[in-house]
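Data from model23.cif: mmCIF, C-alpha atoms (C1' of nucleotides)
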data_target
#
loop_
_atom_site.label_atom_id
_atom_site.label_comp_id
_atom_site.auth_asym_id
_atom_site.auth_seq_id
_atom_site.Cartn_x
_atom_site.Cartn_y
_atom_site.Cartn_z
CA MET A 1 57.15 -11.03 -33.47
CA ASN A 2 53.43 -11.22 -34.01
CA GLU A 3 52.76 -13.09 -30.78
CA LEU A 4 54.53 -10.35 -28.89
CA LYS A 5 52.50 -7.63 -30.56
CA ALA A 6 49.37 -9.55 -29.67
CA PHE A 7 50.45 -9.71 -26.04
CA PHE A 8 50.93 -5.97 -25.84
CA LYS A 9 47.77 -5.21 -27.71
CA LYS A 10 45.80 -7.36 -25.32
CA TYR A 11 47.37 -6.59 -21.95
CA ILE A 12 49.54 -3.51 -22.20
CA PRO A 13 48.27 -1.08 -24.82
CA LEU A 14 51.03 1.27 -25.90
CA ALA A 15 50.88 3.99 -28.53
CA ASP A 16 53.72 2.39 -30.46
CA THR A 17 54.50 -1.25 -29.82
CA GLU A 18 56.57 -1.74 -32.99
CA ASN A 19 59.88 -0.43 -31.70
CA PHE A 20 59.21 -1.79 -28.29
CA VAL A 21 58.83 -5.32 -29.57
CA ARG A 22 62.15 -5.01 -31.42
CA ALA A 23 63.95 -4.62 -28.12
CA PHE A 24 63.38 -8.32 -27.44
CA ASP A 25 66.34 -10.54 -28.28
CA VAL A 26 66.07 -13.21 -30.93
CA ALA A 27 64.39 -16.40 -29.84
CA GLN A 28 66.24 -18.87 -27.68
CA LYS A 29 65.37 -22.52 -27.15
CA LEU A 30 65.13 -24.49 -23.93
CA LYS A 31 64.72 -28.24 -23.61
CA LYS A 32 62.16 -29.77 -21.28
CA ARG A 33 63.36 -29.54 -17.65
CA GLU A 34 66.00 -26.95 -18.55
CA PHE A 35 66.28 -23.90 -16.30
CA LEU A 36 65.90 -20.36 -17.50
CA LEU A 37 66.83 -19.14 -14.06
CA LYS A 38 67.99 -20.40 -10.68
CA PRO A 39 68.08 -18.69 -7.28
CA ALA A 40 70.87 -16.13 -6.77
CA GLN A 41 71.38 -15.65 -10.50
CA ASN A 42 71.09 -12.29 -12.14
CA CYS A 43 67.56 -11.85 -13.46
CA ALA A 44 67.68 -8.42 -15.05
CA TYR A 45 65.30 -9.39 -17.81
CA LEU A 46 61.82 -10.46 -18.64
CA ALA A 47 61.09 -13.32 -21.00
CA PHE A 48 58.26 -13.84 -23.42
CA VAL A 49 57.15 -17.42 -24.05
CA LYS A 50 56.87 -18.00 -27.79
CA LYS A 51 56.36 -21.73 -27.45
CA GLY A 52 56.08 -24.20 -24.61
CA THR A 53 55.38 -23.96 -20.90
CA PHE A 54 57.31 -22.70 -17.90
CA ARG A 55 56.89 -22.86 -14.18
CA VAL A 56 58.26 -20.75 -11.35
CA PHE A 57 59.01 -22.68 -8.18
CA PHE A 58 61.07 -22.89 -5.00
CA TYR A 59 61.77 -25.30 -2.15
CA ASP A 60 60.07 -24.56 1.16
CA LYS A 61 61.72 -25.10 4.54
CA GLU A 62 60.76 -28.80 4.50
CA GLY A 63 62.40 -29.18 1.10
CA THR A 64 59.12 -29.55 -0.77
CA GLU A 65 58.84 -28.04 -4.23
CA ILE A 66 56.27 -25.27 -4.37
CA THR A 67 55.14 -24.15 -7.80
CA VAL A 68 54.15 -20.50 -7.72
CA TRP A 69 53.27 -19.72 -11.30
CA PHE A 70 52.90 -21.15 -14.80
CA SER A 71 53.35 -19.46 -18.16
CA PHE A 72 52.20 -20.74 -21.52
CA GLU A 73 52.92 -19.38 -24.97
CA GLY A 74 51.85 -15.79 -25.38
CA MET A 75 52.69 -14.88 -21.78
CA MET A 76 55.63 -13.36 -19.96
CA ILE A 77 57.78 -15.30 -17.54
CA GLY A 78 60.45 -14.38 -15.04
CA ASP A 79 61.21 -14.05 -11.36
CA LEU A 80 59.01 -11.04 -10.87
CA LEU A 81 59.52 -10.92 -7.14
CA ALA A 82 63.23 -10.47 -7.69
CA LEU A 83 62.75 -8.21 -10.69
CA PHE A 84 60.51 -5.81 -8.80
CA GLN A 85 62.74 -5.83 -5.75
CA ASN A 86 65.93 -5.47 -7.76
CA SER A 87 67.36 -8.51 -6.10
CA LYS A 88 69.03 -11.64 -7.37
CA ALA A 89 66.69 -14.44 -8.40
CA ILE A 90 64.70 -16.06 -5.61
CA PHE A 91 62.91 -18.71 -7.66
CA TYR A 92 63.71 -21.39 -10.19
CA VAL A 93 62.22 -20.83 -13.63
CA GLN A 94 62.06 -24.07 -15.57
CA ALA A 95 60.76 -25.22 -18.94
CA ILE A 96 58.10 -27.93 -18.54
CA GLU A 97 58.18 -28.70 -22.26
CA ASP A 98 60.64 -27.97 -25.04
CA SER A 99 60.18 -24.22 -25.29
CA GLU A 100 61.17 -21.06 -27.03
CA ILE A 101 61.51 -17.61 -25.50
CA SER A 102 62.51 -14.06 -26.37
CA ILE A 103 64.27 -12.04 -23.74
CA LEU A 104 63.89 -8.34 -22.99
CA PRO A 105 66.98 -7.29 -21.05
CA LYS A 106 66.49 -4.54 -18.49
CA ASN A 107 69.23 -2.38 -19.95
CA LYS A 108 67.62 -2.41 -23.38
CA LEU A 109 64.39 -1.40 -21.73
CA GLU A 110 66.10 1.54 -20.10
CA GLU A 111 67.54 2.66 -23.42
CA LEU A 112 64.01 2.74 -24.75
CA TYR A 113 62.82 4.79 -21.79
CA LEU A 114 65.34 7.48 -22.67
CA LYS A 115 64.44 7.45 -26.34
CA ASN A 116 60.74 7.76 -25.75
CA PRO A 117 59.17 8.56 -22.37
CA GLU A 118 55.96 6.99 -23.61
CA TYR A 119 57.62 3.63 -23.01
CA LEU A 120 57.87 4.49 -19.35
CA GLN A 121 54.21 3.56 -19.27
CA PHE A 122 55.16 -0.02 -20.06
CA GLY A 123 56.78 -0.59 -16.68
CA ARG A 124 53.76 0.78 -14.87
CA LYS A 125 51.19 -1.08 -16.91
CA TYR A 126 53.05 -4.32 -16.69
CA ALA A 127 53.44 -4.07 -12.91
CA GLU A 128 49.76 -3.18 -12.59
CA TYR A 129 48.84 -6.14 -14.78
CA VAL A 130 50.93 -8.41 -12.57
CA SER A 131 49.41 -6.91 -9.42
CA VAL A 132 45.92 -7.63 -10.63
CA ASN A 133 46.77 -11.23 -11.46
CA VAL A 134 48.47 -11.87 -8.16
CA MET A 135 45.63 -10.20 -6.22
CA LYS A 136 43.12 -12.47 -7.89
CA ARG A 137 45.19 -15.51 -7.08
CA MET A 138 45.58 -14.32 -3.50
CA LEU A 139 41.83 -13.80 -3.17
CA SER A 140 41.21 -17.27 -4.50
CA PHE A 141 43.49 -18.66 -1.77
CA GLN A 142 41.81 -16.53 0.85
CA THR A 143 38.23 -17.37 0.00
CA LYS A 144 38.11 -20.64 -1.89
CA SER A 145 38.79 -24.30 -1.15
CA ALA A 146 41.38 -26.27 -3.09
CA GLU A 147 38.49 -27.99 -4.84
CA GLU A 148 37.01 -24.68 -5.98
CA ARG A 149 40.39 -23.47 -7.16
CA TYR A 150 40.84 -26.69 -9.11
CA ILE A 151 37.44 -26.31 -10.72
CA GLU A 152 38.44 -22.84 -11.91
CA LEU A 153 41.41 -24.37 -13.69
CA LEU A 154 39.28 -27.04 -15.37
CA THR A 155 38.14 -24.57 -18.01
CA ASN A 156 41.71 -23.94 -19.10
CA PRO A 157 43.03 -26.88 -21.15
CA ASN A 158 46.58 -25.61 -20.75
CA TYR A 159 46.56 -26.50 -17.08
CA MET A 160 44.67 -29.72 -17.56
CA GLN A 161 46.61 -31.17 -20.46
CA ARG A 162 50.10 -29.82 -20.06
CA ILE A 163 50.80 -29.65 -16.34
CA PRO A 164 51.61 -32.78 -14.30
CA LEU A 165 49.35 -33.22 -11.28
CA LYS A 166 52.14 -32.81 -8.77
CA TYR A 167 52.94 -29.32 -10.02
CA LEU A 168 49.28 -28.38 -10.12
CA ALA A 169 48.82 -29.65 -6.57
CA SER A 170 51.41 -27.37 -5.01
CA TYR A 171 50.19 -24.50 -7.21
CA LEU A 172 46.77 -25.03 -5.65
CA GLY A 173 48.29 -25.31 -2.18
CA VAL A 174 47.57 -29.00 -1.54
CA THR A 175 49.49 -32.27 -1.65
CA ASP A 176 49.31 -34.41 -4.75
CA SER A 177 47.34 -37.14 -2.96
CA SER A 178 44.74 -34.57 -1.96
CA LEU A 179 44.46 -33.27 -5.50
CA SER A 180 44.13 -36.81 -6.74
CA ARG A 181 41.19 -37.29 -4.35
CA ILE A 182 39.62 -34.00 -5.37
CA ARG A 183 39.84 -35.10 -8.97
CA LYS A 184 38.20 -38.44 -8.19
CA LYS A 185 35.42 -36.75 -6.25
CA ILE A 186 34.59 -34.37 -9.09
CA SER A 187 34.58 -36.90 -11.90
CA MET B 1 53.51 16.43 4.76
CA ASN B 2 56.48 14.88 6.49
CA GLU B 3 54.84 11.47 6.84
CA LEU B 4 54.25 11.44 3.11
CA LYS B 5 57.84 12.33 2.33
CA ALA B 6 58.91 9.54 4.65
CA PHE B 7 56.71 7.09 2.79
CA PHE B 8 58.24 7.97 -0.55
CA LYS B 9 61.75 8.01 0.79
CA LYS B 10 61.27 4.54 2.21
CA TYR B 11 59.26 2.78 -0.47
CA ILE B 12 59.31 4.77 -3.69
CA PRO B 13 62.51 6.77 -4.06
CA LEU B 14 62.02 9.63 -6.51
CA ALA B 15 64.53 12.28 -7.51
CA ASP B 16 62.18 15.02 -6.35
CA THR B 17 59.40 14.15 -3.94
CA GLU B 18 58.70 17.76 -2.87
CA ASN B 19 56.38 18.72 -5.69
CA PHE B 20 54.96 15.28 -5.85
CA VAL B 21 53.83 15.37 -2.26
CA ARG B 22 52.11 18.71 -2.85
CA ALA B 23 49.75 17.02 -5.29
CA PHE B 24 47.99 15.38 -2.35
CA ASP B 25 44.85 17.15 -1.20
CA VAL B 26 44.62 18.63 2.28
CA ALA B 27 43.82 16.16 5.00
CA GLN B 28 40.32 14.83 5.41
CA LYS B 29 38.85 13.17 8.50
CA LEU B 30 36.82 9.98 8.78
CA LYS B 31 35.06 8.70 11.87
CA LYS B 32 35.37 5.10 13.02
CA ARG B 33 33.26 2.82 10.78
CA GLU B 34 32.93 5.50 8.10
CA PHE B 35 33.51 4.44 4.49
CA LEU B 36 36.11 5.97 2.24
CA LEU B 37 34.81 3.89 -0.63
CA LYS B 38 32.04 1.48 -1.52
CA PRO B 39 31.67 -0.91 -4.46
CA ALA B 40 30.68 0.68 -7.78
CA GLN B 41 31.87 4.12 -6.72
CA ASN B 42 34.48 6.02 -8.64
CA CYS B 43 37.90 5.34 -7.15
CA ALA B 44 40.18 7.44 -9.30
CA TYR B 45 42.48 8.25 -6.42
CA LEU B 46 44.91 6.86 -3.94
CA ALA B 47 44.79 7.80 -0.27
CA PHE B 48 47.57 8.19 2.24
CA VAL B 49 46.76 7.35 5.86
CA LYS B 50 48.02 10.15 8.09
CA LYS B 51 46.32 8.81 11.19
CA GLY B 52 44.19 5.81 12.06
CA THR B 53 43.51 2.44 10.47
CA PHE B 54 41.63 1.26 7.41
CA ARG B 55 40.54 -2.05 6.06
CA VAL B 56 39.58 -3.20 2.57
CA PHE B 57 36.84 -5.82 2.48
CA PHE B 58 34.02 -7.39 0.50
CA TYR B 59 31.20 -9.88 0.97
CA ASP B 60 31.71 -13.34 -0.50
CA LYS B 61 28.95 -15.36 -2.14
CA GLU B 62 27.74 -16.62 1.26
CA GLY B 63 27.48 -13.04 2.48
CA THR B 64 30.48 -13.32 4.79
CA GLU B 65 32.73 -10.29 5.18
CA ILE B 66 36.23 -10.96 3.89
CA THR B 67 38.92 -8.49 4.90
CA VAL B 68 41.57 -8.31 2.22
CA TRP B 69 43.95 -5.67 3.49
CA PHE B 70 44.73 -3.29 6.35
CA SER B 71 46.49 0.06 6.27
CA PHE B 72 47.89 1.94 9.24
CA GLU B 73 49.32 5.45 9.39
CA GLY B 74 52.17 5.99 7.00
CA MET B 75 50.72 3.65 4.36
CA MET B 76 48.61 4.04 1.25
CA ILE B 77 45.06 2.78 1.01
CA GLY B 78 42.59 2.33 -1.83
CA ASP B 79 40.85 -0.20 -4.00
CA LEU B 80 43.97 -1.13 -5.91
CA LEU B 81 42.30 -3.91 -7.84
CA ALA B 82 39.88 -1.39 -9.30
CA LEU B 83 42.51 1.30 -9.66
CA PHE B 84 44.83 -0.93 -11.66
CA GLN B 85 42.01 -2.27 -13.78
CA ASN B 86 40.48 1.15 -14.35
CA SER B 87 37.16 -0.11 -13.08
CA LYS B 88 34.68 1.15 -10.55
CA ALA B 89 35.38 0.17 -6.95
CA ILE B 90 35.06 -3.52 -6.14
CA PHE B 91 35.76 -3.34 -2.41
CA TYR B 92 34.64 -1.42 0.62
CA VAL B 93 37.31 0.75 2.22
CA GLN B 94 36.41 1.56 5.80
CA ALA B 95 38.02 3.39 8.72
CA ILE B 96 38.48 1.09 11.71
CA GLU B 97 39.36 4.03 13.97
CA ASP B 98 38.85 7.77 13.72
CA SER B 99 41.26 8.51 10.92
CA GLU B 100 42.82 11.14 8.74
CA ILE B 101 43.83 10.81 5.11
CA SER B 102 45.24 12.81 2.21
CA ILE B 103 44.01 12.02 -1.25
CA LEU B 104 46.00 11.97 -4.48
CA PRO B 105 43.48 12.23 -7.32
CA LYS B 106 44.40 10.46 -10.53
CA ASN B 107 43.94 13.57 -12.66
CA LYS B 108 46.40 15.54 -10.52
CA LEU B 109 48.82 12.68 -10.93
CA GLU B 110 48.48 12.88 -14.67
CA GLU B 111 49.15 16.61 -14.64
CA LEU B 112 52.38 15.86 -12.84
CA TYR B 113 53.32 13.24 -15.42
CA LEU B 114 53.10 15.88 -18.14
CA LYS B 115 55.10 18.39 -16.16
CA ASN B 116 57.90 16.02 -15.37
CA PRO B 117 58.32 12.58 -16.98
CA GLU B 118 60.41 11.57 -13.98
CA TYR B 119 57.16 11.24 -12.08
CA LEU B 120 56.10 8.55 -14.49
CA GLN B 121 58.39 6.35 -12.46
CA PHE B 122 56.04 6.73 -9.52
CA GLY B 123 53.28 4.68 -11.13
CA ARG B 124 55.69 1.90 -11.97
CA LYS B 125 57.43 1.81 -8.63
CA TYR B 126 54.19 1.94 -6.72
CA ALA B 127 52.66 -0.91 -8.74
CA GLU B 128 55.86 -2.93 -8.29
CA TYR B 129 55.79 -2.25 -4.56
CA VAL B 130 52.18 -3.45 -4.43
CA SER B 131 53.01 -6.52 -6.51
CA VAL B 132 55.76 -7.52 -4.14
CA ASN B 133 53.50 -7.15 -1.10
CA VAL B 134 50.68 -9.10 -2.65
CA MET B 135 53.04 -11.84 -3.88
CA LYS B 136 54.38 -12.28 -0.37
CA ARG B 137 50.89 -12.49 1.04
CA MET B 138 49.92 -14.98 -1.66
CA LEU B 139 52.97 -17.11 -0.89
CA SER B 140 52.08 -17.09 2.76
CA PHE B 141 48.62 -18.43 1.88
CA GLN B 142 50.11 -21.02 -0.43
CA THR B 143 52.73 -22.39 1.92
CA LYS B 144 51.76 -21.59 5.49
CA SER B 145 49.04 -22.63 7.92
CA ALA B 146 46.70 -20.09 9.49
CA GLU B 147 48.65 -20.54 12.71
CA GLU B 148 51.94 -19.68 11.04
CA ARG B 149 50.40 -16.66 9.36
CA TYR B 150 49.05 -15.51 12.70
CA ILE B 151 52.45 -15.91 14.33
CA GLU B 152 53.94 -13.66 11.64
CA LEU B 153 51.48 -10.96 12.62
CA LEU B 154 52.31 -11.26 16.32
CA THR B 155 55.43 -9.18 15.85
CA ASN B 156 53.41 -6.26 14.56
CA PRO B 157 51.58 -4.50 17.41
CA ASN B 158 49.38 -2.68 14.91
CA TYR B 159 47.60 -5.91 14.03
CA MET B 160 47.53 -7.19 17.58
CA GLN B 161 46.30 -4.10 19.34
CA ARG B 162 44.17 -2.30 16.80
CA ILE B 163 42.40 -4.96 14.77
CA PRO B 164 39.41 -6.87 16.14
CA LEU B 165 39.81 -10.64 15.98
CA LYS B 166 36.99 -11.15 13.52
CA TYR B 167 38.66 -8.94 10.92
CA LEU B 168 42.02 -10.59 11.51
CA ALA B 169 40.43 -14.03 11.14
CA SER B 170 39.09 -13.45 7.64
CA TYR B 171 42.33 -11.66 6.71
CA LEU B 172 44.13 -14.87 7.67
CA GLY B 173 41.58 -16.97 5.81
CA VAL B 174 39.94 -18.69 8.81
CA THR B 175 36.77 -18.28 10.86
CA ASP B 176 36.89 -16.29 14.06
CA SER B 177 36.33 -19.37 16.20
CA SER B 178 39.33 -21.03 14.58
CA LEU B 179 41.50 -17.99 15.19
CA SER B 180 40.33 -17.90 18.78
CA ARG B 181 41.48 -21.51 19.16
CA ILE B 182 44.80 -20.80 17.48
CA ARG B 183 45.33 -17.95 19.90
CA LYS B 184 44.55 -20.17 22.87
CA LYS B 185 46.91 -22.88 21.63
CA ILE B 186 49.80 -20.46 21.23
CA SER B 187 49.48 -18.69 24.57
"C1'" DT C 1 24.14 2.36 36.73
"C1'" DT C 2 21.57 -0.36 33.34
"C1'" DA C 3 20.67 -2.00 29.04
"C1'" DC C 4 22.38 -3.06 24.73
"C1'" DT C 5 25.62 -4.26 21.31
"C1'" DT C 6 29.83 -6.03 19.87
"C1'" DT C 7 33.51 -9.07 20.39
"C1'" DC C 8 35.51 -13.25 21.82
"C1'" DT C 9 35.57 -18.06 23.61
"C1'" DT C 10 34.16 -22.73 23.91
"C1'" DG C 11 31.60 -27.13 22.94
"C1'" DT C 12 30.14 -30.73 19.62
"C1'" DC C 13 30.29 -32.97 15.44
"C1'" DA C 14 31.37 -33.60 10.40
"C1'" DT C 15 34.71 -33.14 6.91
"C1'" DA C 16 38.94 -31.93 4.34
"C1'" DT C 17 43.56 -32.43 4.29
"C1'" DG C 18 48.24 -33.90 5.65
"C1'" DA C 19 51.72 -37.51 6.54
"C1'" DC C 20 53.20 -41.71 5.25
"C1'" DA C 21 53.33 -45.84 2.64
"C1'" DA C 22 52.24 -49.18 -0.95
"C1'" DG C 23 50.98 -50.02 -5.46
"C1'" DA C 24 49.32 -49.05 -10.13
"C1'" DT C 25 49.88 -46.75 -14.34
"C1'" DA C 26 52.24 -44.17 -17.76
"C1'" DA C 27 56.28 -42.23 -19.90
"C1'" DT C 28 61.07 -42.37 -21.06
"C1'" DT C 29 65.43 -44.35 -22.05
"C1'" DC C 30 68.49 -47.91 -23.48
"C1'" DG D 1 60.78 -54.74 -25.65
"C1'" DA D 2 62.66 -54.41 -21.17
"C1'" DA D 3 64.18 -51.72 -17.61
"C1'" DT D 4 63.91 -47.61 -15.34
"C1'" DT D 5 61.91 -43.52 -13.90
"C1'" DA D 6 58.17 -40.48 -13.29
"C1'" DT D 7 53.50 -39.84 -12.29
"C1'" DC D 8 49.21 -40.85 -10.19
"C1'" DT D 9 45.97 -43.35 -7.02
"C1'" DT D 10 44.50 -45.33 -2.84
"C1'" DG D 11 44.53 -46.82 2.13
"C1'" DT D 12 44.95 -45.64 7.07
"C1'" DC D 13 45.17 -42.61 10.71
"C1'" DA D 14 45.76 -38.01 13.07
"C1'" DT D 15 44.67 -33.28 13.07
"C1'" DA D 16 42.95 -28.69 11.70
"C1'" DT D 17 39.14 -26.34 10.49
"C1'" DG D 18 34.28 -25.27 9.43
"C1'" DA D 19 29.38 -24.98 10.75
"C1'" DC D 20 26.50 -24.05 14.25
"C1'" DA D 21 25.16 -22.72 18.73
"C1'" DA D 22 25.53 -21.01 23.44
"C1'" DG D 23 27.36 -18.14 26.53
"C1'" DA D 24 31.13 -15.03 28.57
"C1'" DA D 25 33.46 -10.73 28.38
"C1'" DA D 26 34.18 -6.21 26.95
"C1'" DG D 27 32.77 -1.96 25.12
"C1'" DT D 28 29.19 1.72 24.22
"C1'" DA D 29 25.28 4.57 24.88
"C1'" DA D 30 21.35 6.37 27.45
#
Can I see the file as structure tokens?
Amino acid sequence: MNELKAFFKKYIPLADTENFVRAFDVAQKLKKREFLLKPAQNCAYLAFVKKGTFRVFFYDKEGTEITVWFSFEGMMIGDLLALFQNSKAIFYVQAIEDSEISILPKNKLEELYLKNPEYLQFGRKYAEYVSVNVMKRMLSFQTKSAEERYIELLTNPNYMQRIPLKYLASYLGVTDSSLSRIRKKIS
Amino acid sequence: MNELKAFFKKYIPLADTENFVRAFDVAQKLKKREFLLKPAQNCAYLAFVKKGTFRVFFYDKEGTEITVWFSFEGMMIGDLLALFQNSKAIFYVQAIEDSEISILPKNKLEELYLKNPEYLQFGRKYAEYVSVNVMKRMLSFQTKSAEERYIELLTNPNYMQRIPLKYLASYLGVTDSSLSRIRKKIS
DNA sequence: TTACTTTCTTGTCATATGACAAGATAATTC
DNA sequence: GAATTATCTTGTCATATGACAAGAAAGTAA
């Protein structure tokens, strides 16, 4: 549970994380390519990545896979769009490597809220944390070229060493041939 | 206060909005082009637009104005990136027309939290609401062309009739000459 | 009105990217 | 190891967009 405590300490400071962290289910394993979630499924939970890598993606109207988000160990993963809208899952969530997660079911979370209103802060802080991340990513789309966005990722070995180019390309908003050319140009 | 109640009813259902809405300060007027906020200022509040139009913008490294967001009457406005990060303002918030706002100061909000833990849900629901909006805008950048994004806006007369092309252009992530050409092509 | 400022359009040229296709390279499975 | 699949690179061509500049149109103020 130490990784989880570290996550909260870093991103979502709470007065008492101990009990909160216990609300997560025991770890669960997923093989490479296995799905944690598919569209239309019930997604009333958040998952914490203990090991491995996940991606969130969907198919656009042309049938092309669009990767929206990645999560590496120490981060949360889920269909946040659905979670925050209280809808069924919209995206696929898939393990890119053999992975291990702990799940925090929504109903357990609500039990905690009743026990201790201080935990109500979790929901707010987490949503604010997500907002900030998505805003930054949106701004990078609005103001930077694919090349600049790629260069930003270069500093993070997780993206460079663990994510296949084709996933990275759609995450950056370009085709894989374009990203391949960008790569060539930079090196 | 009816517009405010309508906002909460529509976007952030709370058991009791009455007292919550009273926490907003009395209306305040801003002339066209006037600033509600500038970078580095204290932004410990959220504003509700009773009348008029606002935009959130900044200058990129080339010195070009980039408009990040618009708000029309019935919507909230503020430097949410700063608000959620507890930092000083990062963006300019400017009235595009003569406008009227009501401010909800953060400290008043916190008083309410103590009075009634139910209000703690506001912070979460608002941040989730913002997340969803920003995610959708991010997805539209990731998967759509400037032309498609512009076509989406066509259905909303607020954007078409009240926002100068040059603001719209940077909001869509293109130059104003490009947007002018897109417009021509469509008509 | 007249002058001035702001906003929008258009022209030219260079470049980035997409679509599509063919191969090359690497990884996985049997 | 061989076969198969997955991943990445490269070529060609068409198009969208940016940079820059000039001018038209609309709005604002004296």
### Task
Let me know the residues the PyMOL selection byres ((chain C) within 8 of (chain B)) catches in the file above, as a PyMOL selection string.
chain C and resi 7-9
### Message
Expand the PyMOL selection byres ((chain C and resi 24) around 10) into the explicit residue set it covers here, and present it as a PyMOL selection string.
### Response
(chain C and resi 22-23+25-26) or (chain D and resi 8-10)
Restricted to C-alpha atoms (C1' of nucleotides), what would the selected residues look like written as a PDB file, in the coordinates of the input?
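Written output follows (part11.pdb):
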ATOM      1  C1'  DA C  22      52.240 -49.180  -0.950  1.00  0.00           C
ATOM      2  C1'  DG C  23      50.980 -50.020  -5.460  1.00  0.00           C
ATOM      3  C1'  DT C  25      49.880 -46.750 -14.340  1.00  0.00           C
ATOM      4  C1'  DA C  26      52.240 -44.170 -17.760  1.00  0.00           C
TER       5       DA C  26
ATOM      6  C1'  DC D   8      49.210 -40.850 -10.190  1.00  0.00           C
ATOM      7  C1'  DT D   9      45.970 -43.350  -7.020  1.00  0.00           C
ATOM      8  C1'  DT D  10      44.500 -45.330  -2.840  1.00  0.00           C
TER       9       DT D  10
END
### Task
Please write the residues picked by the PyMOL selection byres ((chain D) within 10 of (chain B)) on this file as a PyMOL selection string.
chain D and resi 16-19
### Task
Kindly provide, as a PyMOL selection string, the residues of chain B having any atom no farther than 6 Å from an atom of chain A, counting all atoms listed in the file.
chain B and resi 81+84+123-124+127-128+131-132+138+142+173
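Relative to atom CA of Ala44 of chain A, atom CA of Pro105 of chain A is found at 6.1 Å.
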### Message
When you look at Asn42 of chain B with a cut-off of 9 Å (counting only C-alpha atoms (C1' of nucleotides)), what residues show up, excluding the ones that are within fewer than 3 positions of it in the same chain? I need them as a ChimeraX atom specification.
### Response
/B:37-39,45,87-89
### Query
Can you list, as an MDAnalysis selection string, every protein, DNA or RNA residue that comes within 8 Å of Lys5 of chain A when you count only C-alpha atoms (C1' of nucleotides), leaving out same-chain residues fewer than 2 positions away?
chainID A and resid 1:3 7:9 17:18 21
### Task
Fewer than 2 positions away in the same chain doesn't count, so skip those; otherwise give me all residues within 7 Å of Ile96 of chain A, counting only C-alpha atoms (C1' of nucleotides), as a list in words.
Lys32, Arg33, Thr53, Phe54, Arg55, Gln94 and Asp98 of chain A
Neighbours of DA30 of chain D within 12 Å (only C-alpha atoms (C1' of nucleotides); same-chain residues fewer than 2 positions away dropped), as an mmCIF file with C-alpha atoms (C1' of nucleotides), in the frame of the given file?
data_model
loop_
_atom_site.group_PDB
_atom_site.id
_atom_site.type_symbol
_atom_site.label_atom_id
_atom_site.label_comp_id
_atom_site.auth_asym_id
_atom_site.auth_seq_id
_atom_site.Cartn_x
_atom_site.Cartn_y
_atom_site.Cartn_z
ATOM 1 C "C1'" DT C 1 24.140 2.360 36.730
ATOM 2 C "C1'" DT C 2 21.570 -0.360 33.340
ATOM 3 C "C1'" DA C 3 20.670 -2.000 29.040
ATOM 4 C "C1'" DC C 4 22.380 -3.060 24.730
ATOM 5 C "C1'" DT D 28 29.190 1.720 24.220
#
